[in-house]
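Reproduced below: model23.cif, with mmCIF, C-alpha atoms.
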data_model
#
loop_
_atom_site.label_atom_id
_atom_site.label_comp_id
_atom_site.auth_asym_id
_atom_site.auth_seq_id
_atom_site.Cartn_x
_atom_site.Cartn_y
_atom_site.Cartn_z
CA MET U 1 15.45 -19.64 -14.95
CA ARG U 2 18.19 -17.69 -13.20
CA LEU U 3 21.12 -16.66 -15.40
CA LYS U 4 24.33 -18.18 -14.10
CA TYR U 5 26.62 -15.16 -13.97
CA ALA U 6 29.69 -15.15 -11.76
CA LYS U 7 28.82 -12.17 -9.57
CA LEU U 8 31.39 -9.58 -8.64
CA PRO U 9 32.37 -9.10 -5.01
CA THR U 10 30.11 -6.71 -3.09
CA LEU U 11 30.37 -3.17 -4.46
CA PRO U 12 28.45 -0.91 -2.06
CA LEU U 13 28.27 2.10 -4.39
CA ILE U 14 27.05 0.08 -7.36
CA THR U 15 24.63 -1.92 -5.25
CA GLY U 16 23.04 1.14 -3.72
CA GLY U 17 22.53 2.74 -7.12
CA ILE U 18 20.03 0.14 -8.27
CA LEU U 19 18.71 -0.49 -4.76
CA THR U 20 17.19 2.96 -4.50
CA CYS U 21 15.03 2.05 -7.47
CA VAL U 22 13.58 -1.08 -5.89
CA SER U 23 13.97 -0.57 -2.17
CA SER U 24 10.38 0.62 -1.79
CA LEU U 25 8.88 -2.36 -3.59
CA SER U 26 7.61 -4.02 -0.43
CA ALA U 27 6.94 -0.72 1.26
CA ALA U 28 4.78 0.42 -1.64
CA ALA U 29 2.92 -2.90 -1.75
CA GLY U 30 2.45 -2.54 2.03
CA PHE U 31 0.47 0.66 1.63
CA ALA U 32 -2.77 -1.02 2.72
CA LEU U 33 -6.19 0.22 1.66
CA ILE U 34 -9.17 0.15 4.00
CA GLU U 35 -11.47 1.55 1.29
CA GLN U 36 -13.47 -1.67 0.88
CA SER U 37 -17.04 -0.43 1.52
CA ALA U 38 -18.81 2.81 0.62
CA SER U 39 -21.37 2.43 3.41
CA GLN U 40 -18.59 2.26 5.99
CA THR U 41 -16.66 5.20 4.51
CA GLY U 42 -19.36 7.41 6.04
CA ASN U 43 -18.49 6.36 9.60
CA ALA U 44 -14.70 6.03 9.07
CA TYR U 45 -14.97 2.22 9.10
CA ALA U 46 -15.80 2.26 12.80
CA GLY U 47 -18.25 -0.62 12.34
CA GLY U 48 -15.58 -2.81 10.81
CA ALA U 49 -15.97 -6.41 11.85
CA ALA U 50 -19.35 -5.88 13.59
CA SER U 51 -21.29 -3.90 10.98
CA ALA U 52 -22.58 -6.76 8.80
CA ASN U 53 -25.16 -4.50 7.15
CA ASP U 54 -24.28 -5.46 3.57
CA ALA U 55 -22.15 -7.94 1.65
CA SER U 56 -18.97 -5.85 2.05
CA THR U 57 -18.73 -7.65 5.41
CA LEU U 58 -16.90 -10.37 3.44
CA TYR U 59 -13.75 -8.25 3.68
CA PHE U 60 -14.13 -7.12 7.30
CA ASN U 61 -15.69 -10.24 8.84
CA PRO U 62 -17.10 -13.09 6.70
CA ALA U 63 -19.21 -14.30 9.66
CA GLY U 64 -21.43 -11.26 9.07
CA MET U 65 -22.93 -12.98 6.01
CA THR U 66 -25.29 -14.83 8.37
CA ARG U 67 -27.24 -11.57 8.83
CA LEU U 68 -27.83 -11.01 5.11
CA PRO U 69 -30.19 -12.10 2.34
CA ALA U 70 -28.83 -13.03 -1.09
CA GLN U 71 -27.10 -9.82 -2.07
CA VAL U 72 -24.69 -8.13 -4.49
CA VAL U 73 -22.74 -4.96 -3.65
CA GLY U 74 -20.70 -2.95 -6.13
CA ALA U 75 -18.62 0.01 -4.92
CA LEU U 76 -16.20 2.56 -6.35
CA HIS U 77 -13.86 4.84 -4.38
CA TYR U 78 -12.18 7.93 -5.79
CA VAL U 79 -9.02 8.62 -3.78
CA ALA U 80 -7.24 11.97 -4.18
CA PRO U 81 -3.99 12.17 -2.18
CA SER U 82 -1.78 15.24 -2.05
CA ALA U 83 1.94 15.19 -1.15
CA LYS U 84 3.85 18.44 -1.72
CA PHE U 85 7.51 18.40 -0.75
CA SER U 86 9.56 21.35 0.45
CA GLY U 87 13.20 21.04 1.44
CA SER U 88 16.64 20.37 0.01
CA ALA U 89 18.71 17.61 -1.54
CA THR U 90 22.41 16.94 -1.85
CA ASP U 91 24.31 14.52 -4.06
CA VAL U 92 26.79 11.91 -2.84
CA PHE U 93 29.50 14.61 -2.55
CA GLY U 94 27.29 16.91 -0.47
CA ASN U 95 26.61 19.37 -3.28
CA PRO U 96 23.06 20.79 -3.66
CA VAL U 97 20.98 18.91 -6.24
CA SER U 98 19.39 21.04 -8.94
CA GLY U 99 15.66 21.00 -9.63
CA GLY U 100 12.37 22.00 -8.07
CA ASN U 101 10.26 20.40 -5.35
CA GLY U 102 8.59 17.91 -7.69
CA GLY U 103 5.07 19.30 -7.83
CA ASP U 104 2.29 17.33 -6.17
CA GLY U 105 3.54 13.77 -5.81
CA GLY U 106 0.08 12.38 -5.03
CA GLU U 107 -1.70 10.58 -7.88
CA ASN U 108 -5.50 10.25 -7.95
CA GLY U 109 -6.97 6.78 -8.40
CA LEU U 110 -10.11 4.63 -8.46
CA ILE U 111 -10.56 1.59 -6.19
CA PRO U 112 -13.34 -0.89 -7.09
CA ASN U 113 -15.03 -3.49 -4.86
CA LEU U 114 -17.52 -6.25 -5.69
CA TYR U 115 -19.16 -8.56 -3.16
CA MET U 116 -21.73 -11.35 -3.50
CA SER U 117 -23.35 -13.33 -0.69
CA THR U 118 -26.13 -15.92 -0.57
CA PRO U 119 -27.66 -18.31 2.00
CA LEU U 120 -27.61 -22.04 1.22
CA GLY U 121 -29.93 -23.10 4.05
CA GLU U 122 -29.34 -24.84 7.38
CA GLY U 123 -27.36 -21.83 8.65
CA LEU U 124 -24.77 -22.00 5.86
CA TYR U 125 -23.78 -18.98 3.70
CA VAL U 126 -21.26 -18.51 0.90
CA GLY U 127 -19.88 -15.41 -0.79
CA LEU U 128 -17.20 -13.94 -3.00
CA GLY U 129 -15.35 -10.65 -2.60
CA ILE U 130 -13.18 -8.99 -5.27
CA ASN U 131 -11.21 -5.98 -4.08
CA ALA U 132 -7.89 -4.13 -4.07
CA PRO U 133 -6.25 -4.38 -0.62
CA PHE U 134 -2.95 -2.67 -1.54
CA ALA U 135 -2.18 0.22 -3.87
CA LEU U 136 0.18 3.16 -4.28
CA SER U 137 0.68 5.85 -6.89
CA THR U 138 3.14 8.73 -6.57
CA LYS U 139 4.71 10.70 -9.39
CA TYR U 140 7.09 13.66 -9.33
CA ASP U 141 8.49 15.93 -12.02
CA SER U 142 11.30 14.04 -13.76
CA THR U 143 13.84 16.81 -13.07
CA TRP U 144 13.00 17.44 -9.41
CA LYS U 145 15.70 17.54 -6.74
CA GLY U 146 14.67 14.12 -5.40
CA ARG U 147 14.85 12.39 -8.80
CA TYR U 148 17.65 10.10 -7.61
CA GLN U 149 15.35 8.82 -4.84
CA ALA U 150 12.12 8.45 -6.86
CA ILE U 151 10.21 9.68 -9.88
CA GLU U 152 7.27 7.33 -10.36
CA SER U 153 5.92 4.57 -8.11
CA GLU U 154 2.90 2.44 -9.02
CA VAL U 155 1.59 -0.56 -7.11
CA THR U 156 -1.74 -2.22 -7.89
CA SER U 157 -3.38 -5.37 -6.56
CA VAL U 158 -6.51 -7.47 -6.95
CA ASN U 159 -7.76 -9.96 -4.37
CA PHE U 160 -10.26 -12.79 -4.88
CA ASN U 161 -11.82 -13.82 -1.57
CA PRO U 162 -14.28 -16.77 -1.66
CA SER U 163 -15.80 -17.17 1.81
CA VAL U 164 -18.14 -19.31 3.87
CA ALA U 165 -20.09 -18.57 7.07
CA TYR U 166 -22.13 -20.73 9.45
CA ARG U 167 -24.60 -19.68 12.15
CA ILE U 168 -23.86 -21.95 15.11
CA SER U 169 -26.67 -20.52 17.26
CA PRO U 170 -28.83 -17.37 17.34
CA GLN U 171 -25.91 -15.59 19.08
CA TRP U 172 -22.80 -17.04 17.40
CA SER U 173 -21.59 -17.13 13.79
CA LEU U 174 -18.26 -18.20 12.29
CA GLY U 175 -16.74 -17.28 8.95
CA ALA U 176 -13.65 -18.10 6.91
CA GLY U 177 -12.23 -17.19 3.54
CA VAL U 178 -9.36 -17.85 1.16
CA ASN U 179 -7.43 -14.97 -0.46
CA LEU U 180 -5.90 -15.27 -3.91
CA GLN U 181 -3.98 -12.06 -4.50
CA TYR U 182 -2.20 -10.63 -7.53
CA ILE U 183 0.15 -7.67 -7.17
CA GLU U 184 2.30 -5.73 -9.61
CA ALA U 185 4.69 -2.82 -9.22
CA LYS U 186 6.57 -0.32 -11.37
CA LEU U 187 9.22 2.05 -9.99
CA THR U 188 11.37 4.60 -11.80
CA GLN U 189 14.14 7.04 -10.88
CA ALA U 190 17.17 8.86 -12.26
CA VAL U 191 20.74 7.55 -11.92
CA ASP U 192 23.50 10.10 -11.21
CA GLN U 193 26.22 8.51 -13.33
CA GLY U 194 28.47 11.55 -13.00
CA SER U 195 28.73 11.06 -9.24
CA LEU U 196 28.93 7.26 -9.32
CA CYS U 197 31.41 6.73 -12.13
CA ALA U 198 34.79 7.48 -10.53
CA PRO U 199 34.15 5.65 -7.22
CA THR U 200 32.74 2.67 -9.12
CA GLN U 201 35.68 2.49 -11.50
CA ALA U 202 38.08 2.77 -8.57
CA GLN U 203 36.43 -0.19 -6.83
CA LEU U 204 36.53 -2.28 -10.00
CA GLN U 205 40.19 -1.35 -10.57
CA ALA U 206 41.08 -2.34 -7.00
CA ARG U 207 39.60 -5.77 -7.69
CA GLY U 208 41.71 -6.22 -10.81
CA VAL U 209 38.89 -5.90 -13.34
CA PRO U 210 40.45 -5.30 -16.79
CA ARG U 211 40.01 -1.81 -18.32
CA ALA U 212 38.62 -0.35 -15.12
CA ASP U 213 40.11 3.11 -14.55
CA PRO U 214 38.67 6.25 -12.87
CA ALA U 215 40.26 8.28 -15.70
CA ARG U 216 37.58 6.85 -18.01
CA CYS U 217 35.03 9.03 -16.22
CA ALA U 218 36.26 12.24 -17.82
CA GLY U 219 33.28 14.06 -19.29
CA LEU U 220 30.72 12.61 -16.89
CA THR U 221 29.77 15.40 -14.50
CA PRO U 222 27.75 15.04 -11.28
CA GLN U 223 24.05 15.76 -11.98
CA GLY U 224 24.95 16.33 -15.62
CA SER U 225 24.97 12.77 -16.94
CA ASP U 226 21.73 11.27 -15.69
CA GLY U 227 20.44 7.91 -16.78
CA GLN U 228 16.99 6.45 -16.16
CA ALA U 229 16.11 3.22 -14.31
CA GLN U 230 12.86 1.27 -14.21
CA VAL U 231 11.97 -1.87 -12.25
CA LYS U 232 8.81 -3.91 -12.82
CA GLY U 233 7.60 -7.05 -11.06
CA ASP U 234 4.49 -9.06 -10.27
CA ASN U 235 3.29 -12.21 -8.51
CA TRP U 236 0.33 -14.24 -7.24
CA GLY U 237 0.14 -15.06 -3.51
CA GLY U 238 -2.31 -16.67 -1.14
CA GLY U 239 -3.63 -16.35 2.41
CA PHE U 240 -6.77 -16.69 4.52
CA ASN U 241 -9.11 -14.74 6.79
CA LEU U 242 -11.30 -15.74 9.76
CA GLY U 243 -14.20 -14.07 11.51
CA LEU U 244 -16.40 -14.43 14.59
CA LEU U 245 -19.67 -12.57 15.21
CA TYR U 246 -21.39 -12.57 18.62
CA GLU U 247 -24.89 -11.09 19.01
CA PRO U 248 -25.84 -11.04 22.71
CA SER U 249 -29.07 -9.19 21.85
CA THR U 250 -30.90 -7.83 18.83
CA ARG U 251 -29.34 -4.41 19.50
CA MET U 252 -25.70 -5.35 20.05
CA ARG U 253 -23.04 -7.30 18.21
CA LEU U 254 -19.33 -7.88 18.68
CA GLY U 255 -17.06 -8.83 15.79
CA LEU U 256 -13.57 -10.32 15.75
CA SER U 257 -11.63 -10.86 12.54
CA TYR U 258 -8.18 -11.91 11.38
CA ARG U 259 -6.44 -11.66 8.00
CA SER U 260 -3.24 -13.62 7.47
CA GLY U 261 -0.10 -12.17 6.00
CA ILE U 262 0.67 -12.95 2.37
CA LYS U 263 4.18 -13.62 1.16
CA GLN U 264 4.61 -12.21 -2.32
CA GLN U 265 7.70 -13.31 -4.25
CA LEU U 266 7.80 -10.79 -7.08
CA THR U 267 9.73 -11.45 -10.26
CA GLY U 268 10.22 -9.11 -13.17
CA ASN U 269 12.88 -7.05 -14.89
CA ALA U 270 15.03 -3.98 -14.61
CA SER U 271 15.61 -1.74 -17.62
CA PHE U 272 17.79 1.32 -18.11
CA SER U 273 18.22 4.15 -20.58
CA GLY U 274 21.02 6.64 -21.12
CA ILE U 275 23.58 4.39 -19.39
CA GLN U 276 27.19 5.16 -20.26
CA PRO U 277 29.69 2.45 -21.35
CA GLN U 278 31.72 3.08 -18.19
CA PHE U 279 28.93 1.12 -16.46
CA SER U 280 27.33 -1.12 -19.09
CA GLU U 281 30.67 -2.63 -20.23
CA PHE U 282 31.01 -4.11 -16.75
CA GLY U 283 27.46 -5.47 -16.53
CA ILE U 284 26.26 -2.60 -14.32
CA PHE U 285 22.90 -0.93 -14.94
CA VAL U 286 22.12 -3.39 -17.74
CA PRO U 287 18.75 -5.01 -18.50
CA THR U 288 18.22 -8.00 -16.25
CA ASP U 289 15.65 -10.11 -14.47
CA VAL U 290 15.01 -9.30 -10.80
CA ALA U 291 13.32 -10.96 -7.84
CA ALA U 292 12.26 -9.62 -4.44
CA ASP U 293 10.20 -10.90 -1.51
CA ALA U 294 7.38 -8.70 -0.25
CA ASP U 295 5.82 -9.82 3.04
CA LEU U 296 2.38 -8.20 3.31
CA PRO U 297 1.28 -8.01 6.95
CA GLN U 298 -1.27 -9.89 9.02
CA SER U 299 -4.01 -7.90 10.77
CA ALA U 300 -6.68 -8.35 13.46
CA SER U 301 -9.75 -6.29 14.36
CA VAL U 302 -12.25 -6.07 17.19
CA SER U 303 -15.46 -4.09 16.59
CA LEU U 304 -18.60 -3.20 18.54
CA TRP U 305 -22.00 -2.17 17.16
CA HIS U 306 -24.85 -1.02 19.39
CA ASP U 307 -28.32 0.24 18.44
CA VAL U 308 -29.42 3.03 20.77
CA GLY U 309 -33.18 3.19 20.43
CA ASP U 310 -34.83 2.87 17.03
CA ASN U 311 -32.96 5.68 15.25
CA TRP U 312 -29.39 5.74 16.50
CA SER U 313 -26.46 3.33 16.30
CA VAL U 314 -22.96 3.78 17.69
CA MET U 315 -19.90 1.78 16.74
CA ALA U 316 -16.22 1.42 17.55
CA ASP U 317 -13.26 -0.46 16.09
CA ALA U 318 -9.61 -1.19 16.85
CA THR U 319 -7.41 -2.77 14.19
CA TRP U 320 -3.83 -3.98 14.59
CA THR U 321 -1.53 -4.49 11.58
CA GLY U 322 1.69 -6.46 12.01
CA TRP U 323 4.08 -4.32 10.01
CA SER U 324 7.00 -5.26 12.28
CA SER U 325 7.47 -8.33 10.07
CA PHE U 326 8.77 -5.94 7.43
CA LYS U 327 12.35 -5.72 8.62
CA GLU U 328 14.27 -5.70 5.38
CA LEU U 329 13.99 -6.02 1.62
CA ARG U 330 16.39 -8.33 -0.22
CA VAL U 331 16.62 -8.03 -4.01
CA GLN U 332 18.33 -10.50 -6.35
CA TYR U 333 19.50 -9.76 -9.88
CA ASP U 334 20.22 -12.06 -12.83
CA SER U 335 23.29 -10.03 -13.79
CA PHE U 336 26.58 -9.10 -12.16
CA GLN U 337 24.61 -6.98 -9.70
CA PRO U 338 25.11 -8.31 -6.14
CA ASP U 339 22.12 -9.00 -3.90
CA THR U 340 21.06 -5.88 -2.04
CA VAL U 341 19.44 -5.40 1.35
CA VAL U 342 17.57 -2.41 2.76
CA ASP U 343 16.82 -2.00 6.46
CA GLU U 344 13.13 -0.99 6.73
CA SER U 345 12.41 -1.73 10.42
CA TRP U 346 8.74 -0.73 10.29
CA ASN U 347 6.59 -0.84 13.44
CA ASP U 348 3.29 -2.54 14.13
CA SER U 349 0.49 -0.01 13.75
CA TRP U 350 -3.00 0.57 15.20
CA ARG U 351 -6.15 2.15 13.84
CA TYR U 352 -8.91 3.35 16.20
CA ALA U 353 -12.32 4.50 14.97
CA LEU U 354 -15.63 5.77 16.39
CA GLY U 355 -18.83 6.27 14.40
CA VAL U 356 -22.54 6.95 14.54
CA ASP U 357 -25.55 6.20 12.30
CA TYR U 358 -28.86 8.07 12.40
CA ARG U 359 -31.87 6.48 10.70
CA TYR U 360 -34.00 9.48 9.77
CA ASN U 361 -36.77 7.21 8.46
CA SER U 362 -37.14 3.88 6.69
CA LYS U 363 -35.40 5.22 3.57
CA TRP U 364 -32.65 7.57 4.78
CA THR U 365 -29.62 6.90 7.02
CA LEU U 366 -27.06 9.55 7.93
CA ARG U 367 -23.55 8.62 9.03
CA ALA U 368 -20.50 10.24 10.65
CA GLY U 369 -17.22 9.00 12.06
CA THR U 370 -13.61 9.69 12.94
CA ALA U 371 -10.45 7.60 13.22
CA LEU U 372 -6.79 7.74 14.18
CA ASP U 373 -4.74 5.83 11.62
CA GLU U 374 -1.13 5.28 12.72
CA SER U 375 1.73 5.07 10.24
CA PRO U 376 4.14 2.10 10.56
CA ILE U 377 7.11 4.22 9.40
CA PRO U 378 9.21 4.72 12.55
CA ASN U 379 11.09 7.95 11.80
CA PRO U 380 12.18 10.38 9.03
CA SER U 381 15.25 8.28 8.23
CA HIS U 382 13.02 5.35 7.21
CA ARG U 383 10.55 7.50 5.28
CA THR U 384 10.99 7.53 1.50
CA ALA U 385 9.88 9.82 -1.29
CA ARG U 386 7.91 6.89 -2.68
CA ILE U 387 5.77 6.61 0.48
CA PRO U 388 5.77 9.87 2.45
CA GLY U 389 3.20 8.54 4.94
CA GLU U 390 2.45 9.71 8.48
CA ASP U 391 -0.30 9.42 11.13
CA ARG U 392 -3.74 10.42 9.83
CA ILE U 393 -6.97 11.68 11.39
CA TRP U 394 -10.19 10.79 9.55
CA ALA U 395 -13.29 13.01 9.38
CA SER U 396 -16.11 11.20 7.58
CA LEU U 397 -19.72 11.79 6.55
CA GLY U 398 -22.13 9.58 4.64
CA VAL U 399 -25.69 8.93 3.60
CA GLY U 400 -27.63 5.79 2.71
CA TYR U 401 -30.85 5.75 0.68
CA ARG U 402 -33.15 2.74 0.44
CA TYR U 403 -34.69 3.17 -3.01
CA SER U 404 -36.80 0.03 -2.72
CA ARG U 405 -36.87 -3.29 -0.90
CA SER U 406 -34.35 -4.57 -3.42
CA VAL U 407 -32.05 -1.60 -4.11
CA GLY U 408 -30.08 0.72 -1.85
CA ILE U 409 -27.47 3.41 -2.51
CA ASP U 410 -24.66 4.53 -0.18
CA ILE U 411 -22.37 7.54 -0.55
CA GLY U 412 -19.51 8.43 1.78
CA TYR U 413 -16.85 11.14 1.98
CA ALA U 414 -13.74 11.31 4.13
CA HIS U 415 -11.00 13.90 4.53
CA LEU U 416 -7.75 12.66 6.05
CA PHE U 417 -5.66 15.17 7.95
CA VAL U 418 -2.09 13.94 7.61
CA LYS U 419 0.55 14.93 10.14
CA ASP U 420 3.29 16.73 8.17
CA PRO U 421 5.66 13.91 7.14
CA LYS U 422 9.32 14.75 7.71
CA ILE U 423 11.89 12.98 5.56
CA ASN U 424 15.63 12.44 5.86
CA GLU U 425 16.27 9.81 3.19
CA THR U 426 19.95 9.04 2.72
CA SER U 427 21.68 6.72 0.24
CA ALA U 428 25.32 6.16 -0.62
CA THR U 429 24.44 6.56 -4.31
CA ALA U 430 21.50 8.96 -4.36
CA GLY U 431 22.64 11.41 -1.69
CA ASN U 432 20.24 12.94 0.81
CA LEU U 433 16.68 14.25 0.55
CA SER U 434 15.64 16.27 3.60
CA GLY U 435 12.54 18.29 4.35
CA GLU U 436 8.84 17.76 4.91
CA TYR U 437 5.60 17.24 3.04
CA ASP U 438 2.28 19.05 3.13
CA ALA U 439 -0.03 16.04 2.79
CA ALA U 440 -3.74 15.24 2.83
CA VAL U 441 -6.18 12.72 1.33
CA ASP U 442 -9.77 13.04 0.12
CA ILE U 443 -11.97 9.98 -0.49
CA LEU U 444 -15.36 9.87 -2.21
CA SER U 445 -17.14 6.50 -2.18
CA ALA U 446 -20.37 5.23 -3.73
CA GLN U 447 -22.01 1.82 -3.88
CA VAL U 448 -25.18 0.06 -4.95
CA VAL U 449 -26.69 -2.71 -2.80
CA TRP U 450 -28.97 -5.16 -4.60
CA ASN U 451 -30.99 -7.74 -2.68
CA LEU U 452 -31.67 -10.71 -4.97
#
structure tokens encoding of this file:
Amino acid sequence: MRLKYAKLPTLPLITGGILTCVSSLSAAAGFALIEQSASQTGNAYAGGAASANDASTLYFNPAGMTRLPAQVVGALHYVAPSAKFSGSATDVFGNPVSGGNGGDGGENGLIPNLYMSTPLGEGLYVGLGINAPFALSTKYDSTWKGRYQAIESEVTSVNFNPSVAYRISPQWSLGAGVNLQYIEAKLTQAVDQGSLCAPTQAQLQARGVPRADPARCAGLTPQGSDGQAQVKGDNWGGGFNLGLLYEPSTRMRLGLSYRSGIKQQLTGNASFSGIQPQFSEFGIFVPTDVAADADLPQSASVSLWHDVGDNWSVMADATWTGWSSFKELRVQYDSFQPDTVVDESWNDSWRYALGVDYRYNSKWTLRAGTALDESPIPNPSHRTARIPGEDRIWASLGVGYRYSRSVGIDIGYAHLFVKDPKINETSATAGNLSGEYDAAVDILSAQVVWNL
């Protein structure tokens, strides 16, 4: 239940101070993961909606189940991102911020997938996918020069995707699924009370708030009186996905798929430590419940798979993600804190991939692929220390081994060359962080395929 506080008039400096701690909530949750299949890691996910070679097709195109026996696939992806900042920072008065460059902000993580598919007869198939479609983990040294923008950012998700597929004819198959998605986030940062105190007290005094006086800020020095802020939130949301698979011949297939957006309405709490009475006495930077909407984007893919002779296959994919729906983030607080709004203005993005498979013999398959993965972040001014993303080029290799008629193993590796992300993040309460990142990502994937 919302606490019924009489909120103060808008105070831009106060509002921005907490906003920098939660402004990346939706942006972090929007850091989509394509790592949903170890077999497709090897060809940079170029097969996408047309591959349908194992039960991981539930994520990319549920119609692909009509090509499979009863099957279980379990996969694990080790993702090792690197994000090393170099540049400068200034506080709200334009003075240089003390501290280093934060170390390597990238945090390694494991992404699991589990898929099950089975035929029911009469052309009908059912399946269940469990995966993590969104995740983010960045962490900087707590005393780095960008501490007022971000210290730690963690977003995790789990998605349950029951699906059904039906073979209409030898050439056409349809599929559909329901997505039940849980997401949680934790964000931390430092609060520069020494820089915020006098302007905040002046605004309160101008509004006739008793005991407000800039003179009370004596002893609080810029960058010398830091507090700590943490915001946590979670939610369940729902959506759907659709797929179409067309097989004009035994050697070619075309896949189309669509995943709906999911509106997440996160609720949680904000907590603070080291906050001075010049703020807490006025209900500023105090523990409170929070709420924020996070609109995760819709996406659509078209994929082509073609067998060239008995040993070679080539594949291609184009995927559109509708990030332009992410225009702003509005956060509400159950305290005196006014609602806050951040202009995100992300762009729609595209991902293009090409891949090749070589079947050496009945047991071994070799894979390779490349992809261009566009970032939705439009410019350095909209890039944040929590998500220093940019366009990426994939270089992937993989191998599949058929141990027996029932068991197969797939391993894939990808290195992502990230265009140096430039950042010019400015806030009325955190100052400016300007510079660029040296960034890259390594992915190692493995899965077991079990035909029942």
Find the residue from U:Gly74, U:Glu281, U:Glu436, U:Pro119 that sits nearest to Val209 (chain U); use only C-alpha atoms when measuring.
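Closest to Val209 (chain U), using only C-alpha atoms: U:Glu281.
Taking CA of Ser260 (chain U) as the reference point, CA of Gly237 (chain U) is found at 11.6 Å.
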If we count all atoms listed in the file and set the cut-off at 6 Å, which residues sit around region 349-361 of chain U, ignoring sequence neighbours fewer than 3 positions away in its own chain? Please answer as a list of chain:residue names.
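Residues near the query, excluding close chain neighbours: U:Asn43, U:Ala46, U:Asn311, U:Trp312, U:Ser313, U:Val314, U:Met315, U:Ala316, U:Asp317, U:Ala318, U:Thr319, U:Trp320, U:Thr321, U:Trp364, U:Thr365, U:Leu366, U:Arg367, U:Ala368, U:Gly369, U:Thr370, U:Ala371, U:Leu372, U:Asp373, U:Glu374, U:Pro376.
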For the structure provided, state which residues fall under the PyMOL selection byres ((chain U and resi 191-197) around 10), and present them as number ranges by chain.
U: 13-14, 17-18, 20-21, 91-93, 147-149, 188-190, 198-202, 213-229, 272-276, 278-279, 285, 428-431
Close residues, Val164 (chain U) itself excluded, 7 Å, all atoms listed in the file, min 4 positions apart in chain, as an MDAnalysis selection string:
chainID U and resid 62 125:127 175:177
Counting all atoms listed in the file, which of U:Arg251, U:Lys186, U:Arg211, U:Arg402 gets nearest to Thr267 (chain U)?
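When distances to Thr267 (chain U) are compared using all atoms listed in the file, the smallest one comes from U:Lys186.
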Explicit residues for the PyMOL selection byres ((chain U and resi 375) around 12) (as JSON, numbers by chain)
{"U": [27, 30, 31, 32, 320, 321, 322, 323, 324, 346, 347, 348, 349, 350, 351, 372, 373, 374, 376, 377, 378, 379, 380, 382, 383, 387, 388, 389, 390, 391, 392, 393, 418, 419, 420, 421]}
